[in-house]
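Colleague: Shown below is the structure under consideration.
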Amino acid sequence: MTTGSFVFDGARAPVAEFGRQWDDKVGSRFAMPHFSDATLADFRFRFRVTRVQDTVSVRINGTTPARTAGPPCRDEEFVRLWVVRHGALALGGAREDNLHTVPAGGFLIRHAEPLAHFRTPPGTTADVVILPAAALLPLLGGRVVTGPARTAEVRLLATHAEMVRRTLDDLTPAGAETARNMLIELARAVVRGGLDLADGRLAGTLVQAAKDAARRLLTDPGLTPAVLARELNVSLRTLQRAFAATGESIMGYVRDQRLAEARDALIAAPGRLGVAEVAARWQFTDGSHFTKSFKRRYGQTPAEAVRAARRAPG
């Protein structure tokens with residue numbers, strides 16, 4: 001199997017089921033950690049796992065604390081990247097006094113030989129990306145590279161991993177190869193500490209990251225291309241070039257998303273929200289401007305959309 005994914009919720013299924021799903025969807029080639037008895041006794045973790053060829057991405061959400069036990073696994077084939085979203089992660093080898101602590105908002109990448117022990121406090125959320133050592137060791141060597149997760153390269157890597165997860169079922173063999181190669185290239189950028197923005201392959205990933213950020217900020221009256229560029233730690237010119245390469249404009253995308261949200265709000269509860277209220281929420285300057293933009297996008301006015309929603313069965 002070259003691709004596969006699964007979601008496991010330790011609050012709903014026995015721990016043994018996680019091991020079975022891991023072996024089935026990911027494969028025993030990718031070593032699993034040995035958890036302590038105390039961790040297994042109250043194992044309330046949620047894992048979202050995606051494999052593409054010889055790369056694996058794992059999102060971990062832990063309600064309870066975790067700690068590994070036993071000798072570290074031998075895992076010479078892979079480099080691991082940890083990105084901590086909430087909580088913290090303490091990583092070490094055979095000796096507990098030789099730890100690297102990754103705080104919330106930080107990352108660490110290192111050769112996983114041997115696979116490090118780790119421990120996390122309750123409420124930790126982290127992403128782990130497992131990558132082939134052969135592709136990264138010439139650049140990484142024996143170093144442990146750490147830094148903030150807000151950098152453009154880490155943000156784009158996370159965006160790409162999420163894009164792969166969402167489109168996994170539609171990937172052709174060639175698409176899987178491309179997705180795998182891009183993940184490795186972005187990991188190299190993390191090790192280097194910077195993106196090669198002359199690489200046109202990054203345009204699509206940068207655009208998707210900007211779109212994700214824009215959707216979070218749609219109701220913000222101050223949302224501009226410059227704000228999105230700062231959010232992603234790239235220059236405004238770089239972001240504009242990336243959108244131009246995909247045939248889109250930044251604010252054109254923002255306008256379309258605001259119109260889509262406004263339309264959903266109007267037809268979800270027809271008559272409960274006024275057009276002016278919806279227009280203001282989604283940052284249109286006035287009702288007239290909103291109505292013109294809405295009709296241009298959907299071929300009907302907001303009032304006509306509401307009437308059609310009222311007449312719809314159910």
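Chains: A, B, ... in order of the structure tokens. Residues: from 1 per chain. Ligands: from 1, in order shown.
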I want to know what sits within 10 Å of Gly4 (chain A), based on only C-alpha atoms, with residues of the same chain fewer than 3 positions away left out; could you give that as a list of chain:residue names?
Modeller: A:Met1, A:Trp22, A:Asp24, A:Lys25, A:Val26, A:Gly27, A:Val49, A:Thr50, A:Arg51, A:Val52, A:Gln53, A:Val56, A:Arg165, A:Leu168, A:Asp169
Colleague: When you look at region 58-69 of chain A with a cut-off of 7 Å (counting only C-alpha atoms), what residues show up, excluding the ones that are within fewer than 5 positions of it in the same chain? I need them as a list in words.
Modeller: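 Residues near the query, excluding close chain neighbours: Pro33, His34, Phe35, Ser36, Thr39, Phe43, Arg44, Phe45, Arg46, Phe47, Arg48, Val49, Thr50, His117, Phe118, Arg119, Thr120, Pro121, Pro122, Gly123, Thr124, Thr125, Ala126, Asp127, Val128 and Val129 of chain A.
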Colleague: Save out the residues we just selected, N, CA and C atoms, as a PDB file, in the first residue's frame.
Modeller:
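Below is the file that was written, part02.pdb:
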```
ATOM      1  N   PRO A  33       5.882   3.914  18.905  1.00  0.00           N
ATOM      2  CA  PRO A  33       6.518   3.985  20.223  1.00  0.00           C
ATOM      3  C   PRO A  33       5.902   2.981  21.187  1.00  0.00           C
ATOM      4  N   HIS A  34       6.670   2.628  22.219  1.00  0.00           N
ATOM      5  CA  HIS A  34       6.172   1.764  23.295  1.00  0.00           C
ATOM      6  C   HIS A  34       5.744   2.674  24.440  1.00  0.00           C
ATOM      7  N   PHE A  35       4.443   2.724  24.700  1.00  0.00           N
ATOM      8  CA  PHE A  35       3.933   3.595  25.753  1.00  0.00           C
ATOM      9  C   PHE A  35       4.049   2.926  27.118  1.00  0.00           C
ATOM     10  N   SER A  36       4.179   3.759  28.143  1.00  0.00           N
ATOM     11  CA  SER A  36       4.248   3.242  29.509  1.00  0.00           C
ATOM     12  C   SER A  36       2.900   2.655  29.913  1.00  0.00           C
ATOM     13  N   THR A  39       0.371   5.269  30.809  1.00  0.00           N
ATOM     14  CA  THR A  39      -0.231   5.920  29.640  1.00  0.00           C
ATOM     15  C   THR A  39      -1.327   5.052  29.043  1.00  0.00           C
ATOM     16  N   PHE A  43      -5.851   5.886  28.087  1.00  0.00           N
ATOM     17  CA  PHE A  43      -5.319   6.303  26.791  1.00  0.00           C
ATOM     18  C   PHE A  43      -6.384   7.095  26.033  1.00  0.00           C
ATOM     19  N   ARG A  44      -6.468   8.380  26.345  1.00  0.00           N
ATOM     20  CA  ARG A  44      -7.453   9.235  25.675  1.00  0.00           C
ATOM     21  C   ARG A  44      -6.725  10.145  24.680  1.00  0.00           C
ATOM     22  N   PHE A  45      -6.412   9.541  23.549  1.00  0.00           N
ATOM     23  CA  PHE A  45      -5.714  10.231  22.466  1.00  0.00           C
ATOM     24  C   PHE A  45      -6.496  10.048  21.174  1.00  0.00           C
ATOM     25  N   ARG A  46      -6.419  11.058  20.338  1.00  0.00           N
ATOM     26  CA  ARG A  46      -7.014  10.972  19.004  1.00  0.00           C
ATOM     27  C   ARG A  46      -5.892  11.144  17.986  1.00  0.00           C
ATOM     28  N   PHE A  47      -5.800  10.223  17.060  1.00  0.00           N
ATOM     29  CA  PHE A  47      -4.770  10.256  16.025  1.00  0.00           C
ATOM     30  C   PHE A  47      -5.434  10.345  14.655  1.00  0.00           C
ATOM     31  N   ARG A  48      -4.902  11.199  13.810  1.00  0.00           N
ATOM     32  CA  ARG A  48      -5.315  11.279  12.406  1.00  0.00           C
ATOM     33  C   ARG A  48      -4.065  11.014  11.581  1.00  0.00           C
ATOM     34  N   VAL A  49      -4.038   9.908  10.884  1.00  0.00           N
ATOM     35  CA  VAL A  49      -2.819   9.417  10.259  1.00  0.00           C
ATOM     36  C   VAL A  49      -3.003   9.342   8.746  1.00  0.00           C
ATOM     37  N   THR A  50      -2.011   9.838   7.997  1.00  0.00           N
ATOM     38  CA  THR A  50      -2.036   9.787   6.536  1.00  0.00           C
ATOM     39  C   THR A  50      -0.678   9.310   6.041  1.00  0.00           C
ATOM     40  N   HIS A 117      12.548   8.655  22.973  1.00  0.00           N
ATOM     41  CA  HIS A 117      11.491   8.658  23.976  1.00  0.00           C
ATOM     42  C   HIS A 117      10.844  10.038  23.976  1.00  0.00           C
ATOM     43  N   PHE A 118       9.586  10.075  24.390  1.00  0.00           N
ATOM     44  CA  PHE A 118       8.959  11.376  24.542  1.00  0.00           C
ATOM     45  C   PHE A 118       7.948  11.333  25.676  1.00  0.00           C
ATOM     46  N   ARG A 119       7.612  12.508  26.152  1.00  0.00           N
ATOM     47  CA  ARG A 119       6.517  12.643  27.104  1.00  0.00           C
ATOM     48  C   ARG A 119       5.809  13.959  26.842  1.00  0.00           C
ATOM     49  N   THR A 120       4.502  13.959  27.109  1.00  0.00           N
ATOM     50  CA  THR A 120       3.679  15.144  26.882  1.00  0.00           C
ATOM     51  C   THR A 120       2.752  15.348  28.067  1.00  0.00           C
ATOM     52  N   PRO A 121       2.444  16.587  28.410  1.00  0.00           N
ATOM     53  CA  PRO A 121       1.449  16.864  29.447  1.00  0.00           C
ATOM     54  C   PRO A 121       0.041  16.712  28.879  1.00  0.00           C
ATOM     55  N   PRO A 122      -0.984  16.722  29.734  1.00  0.00           N
ATOM     56  CA  PRO A 122      -2.364  16.673  29.230  1.00  0.00           C
ATOM     57  C   PRO A 122      -2.642  17.862  28.319  1.00  0.00           C
ATOM     58  N   GLY A 123      -3.518  17.634  27.334  1.00  0.00           N
ATOM     59  CA  GLY A 123      -3.927  18.716  26.451  1.00  0.00           C
ATOM     60  C   GLY A 123      -2.933  19.061  25.358  1.00  0.00           C
ATOM     61  N   THR A 124      -2.055  18.135  25.021  1.00  0.00           N
ATOM     62  CA  THR A 124      -1.056  18.406  23.985  1.00  0.00           C
ATOM     63  C   THR A 124      -1.614  18.055  22.602  1.00  0.00           C
ATOM     64  N   THR A 125      -1.418  18.966  21.669  1.00  0.00           N
ATOM     65  CA  THR A 125      -1.726  18.717  20.262  1.00  0.00           C
ATOM     66  C   THR A 125      -0.445  18.932  19.469  1.00  0.00           C
ATOM     67  N   ALA A 126      -0.106  17.953  18.639  1.00  0.00           N
ATOM     68  CA  ALA A 126       1.141  18.054  17.876  1.00  0.00           C
ATOM     69  C   ALA A 126       0.984  17.348  16.535  1.00  0.00           C
ATOM     70  N   ASP A 127       1.768  17.795  15.564  1.00  0.00           N
ATOM     71  CA  ASP A 127       1.872  17.122  14.274  1.00  0.00           C
ATOM     72  C   ASP A 127       3.236  16.451  14.209  1.00  0.00           C
ATOM     73  N   VAL A 128       3.249  15.213  13.731  1.00  0.00           N
ATOM     74  CA  VAL A 128       4.500  14.486  13.517  1.00  0.00           C
ATOM     75  C   VAL A 128       4.547  14.085  12.053  1.00  0.00           C
ATOM     76  N   VAL A 129       5.641  14.424  11.383  1.00  0.00           N
ATOM     77  CA  VAL A 129       5.819  14.053   9.979  1.00  0.00           C
ATOM     78  C   VAL A 129       7.047  13.155   9.899  1.00  0.00           C
TER      79      VAL A 129
END
```
Colleague: Sort by chain and increasing residue number a table of all residues of region 172-230 of chain A within 12 Å of region 261-269 of chain A, each with its closest pair of atoms and their distance in Å to one decimal, counting only C-alpha atoms, and write it as JSON lines.
Modeller:
```
{"residue": "A:Arg215", "atom": "CA", "partner": "A:Glu261", "partner_atom": "CA", "distance": 9.9}
{"residue": "A:Leu218", "atom": "CA", "partner": "A:Glu261", "partner_atom": "CA", "distance": 9.1}
{"residue": "A:Thr219", "atom": "CA", "partner": "A:Glu261", "partner_atom": "CA", "distance": 10.0}
```
Colleague: Just how far from CA of Thr285 (chain A) is CA of Pro225 (chain A), in Å to one decimal?
Modeller: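 Computing the Euclidean distance for CA of Pro225 (chain A) and CA of Thr285 (chain A) yields 18.0 Å.
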Colleague: In Å, rounded to a single decimal, give me how far CA of Ala149 (chain A) is from CA of Arg85 (chain A).
Modeller: 8.4 Å
Colleague: My list of candidates is A:Arg143, A:Arg150, A:Arg311, A:Arg180. Which is closest to Thr3 (chain A) when distances are computed with only C-alpha atoms?
Modeller: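 The closest residue to Thr3 (chain A) is A:Arg180.
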Colleague: With only C-alpha atoms as the counted atoms, please give the residues lying no more than 12 Å from Ala229 (chain A), apart from itself and same-chain residues fewer than 2 positions off, as an NGL selection string.
Modeller: :A and (151-152 or 206-207 or 209-211 or 213-214 or 223-227 or 231-243 or 250)
Colleague: Env of Asp286 (chain A): 10 Å cut, atoms = only C-alpha atoms, seq-sep filter 4 positions within chain, self excluded. Answer as an mmCIF file with N, CA and C atoms, in the first residue's frame.
Modeller:
```
data_model
loop_
_atom_site.group_PDB
_atom_site.id
_atom_site.type_symbol
_atom_site.label_atom_id
_atom_site.label_comp_id
_atom_site.auth_asym_id
_atom_site.auth_seq_id
_atom_site.Cartn_x
_atom_site.Cartn_y
_atom_site.Cartn_z
ATOM 1 N N VAL A 275 -30.859 41.890 4.907
ATOM 2 C CA VAL A 275 -29.772 41.996 3.939
ATOM 3 C C VAL A 275 -28.695 42.939 4.441
ATOM 4 N N ALA A 276 -29.089 44.069 5.017
ATOM 5 C CA ALA A 276 -28.099 45.033 5.508
ATOM 6 C C ALA A 276 -27.255 44.435 6.626
ATOM 7 N N GLU A 277 -27.885 43.646 7.505
ATOM 8 C CA GLU A 277 -27.159 43.024 8.612
ATOM 9 C C GLU A 277 -26.121 42.036 8.096
ATOM 10 N N ALA A 279 -24.827 41.981 5.050
ATOM 11 C CA ALA A 279 -23.809 42.725 4.298
ATOM 12 C C ALA A 279 -22.761 43.304 5.236
ATOM 13 N N ALA A 280 -23.206 43.863 6.359
ATOM 14 C CA ALA A 280 -22.262 44.457 7.308
ATOM 15 C C ALA A 280 -21.370 43.401 7.934
ATOM 16 N N PHE A 290 -23.457 45.242 -1.800
ATOM 17 C CA PHE A 290 -23.627 43.818 -1.542
ATOM 18 C C PHE A 290 -24.586 43.197 -2.557
ATOM 19 N N THR A 291 -25.718 43.864 -2.815
ATOM 20 C CA THR A 291 -26.723 43.320 -3.733
ATOM 21 C C THR A 291 -26.154 43.176 -5.141
#
```
Colleague: Based on DSSP run over this structure's backbone, return all residues of region 39-256 of chain A in strand (DSSP E), as a ChimeraX atom specification.
Modeller: /A:45-52,55-62,66-67,78-86,88-92,99-103,106-111,117-120,124-132,145-148
Colleague: Do a neighbour search on Leu183 (chain A) at 8 Å with only C-alpha atoms, toss out local chain neighbours closer than 6 positions, and write the hits as a list in words.
Modeller: Leu157, His160 and Ala161 of chain A
Colleague: May I ask for the distance between CA of Leu137 (chain A) and CA of Gly105 (chain A), given in Å to one decimal place?
Modeller: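 Taking CA of Leu137 (chain A) and CA of Gly105 (chain A), their separation equals 24.7 Å.
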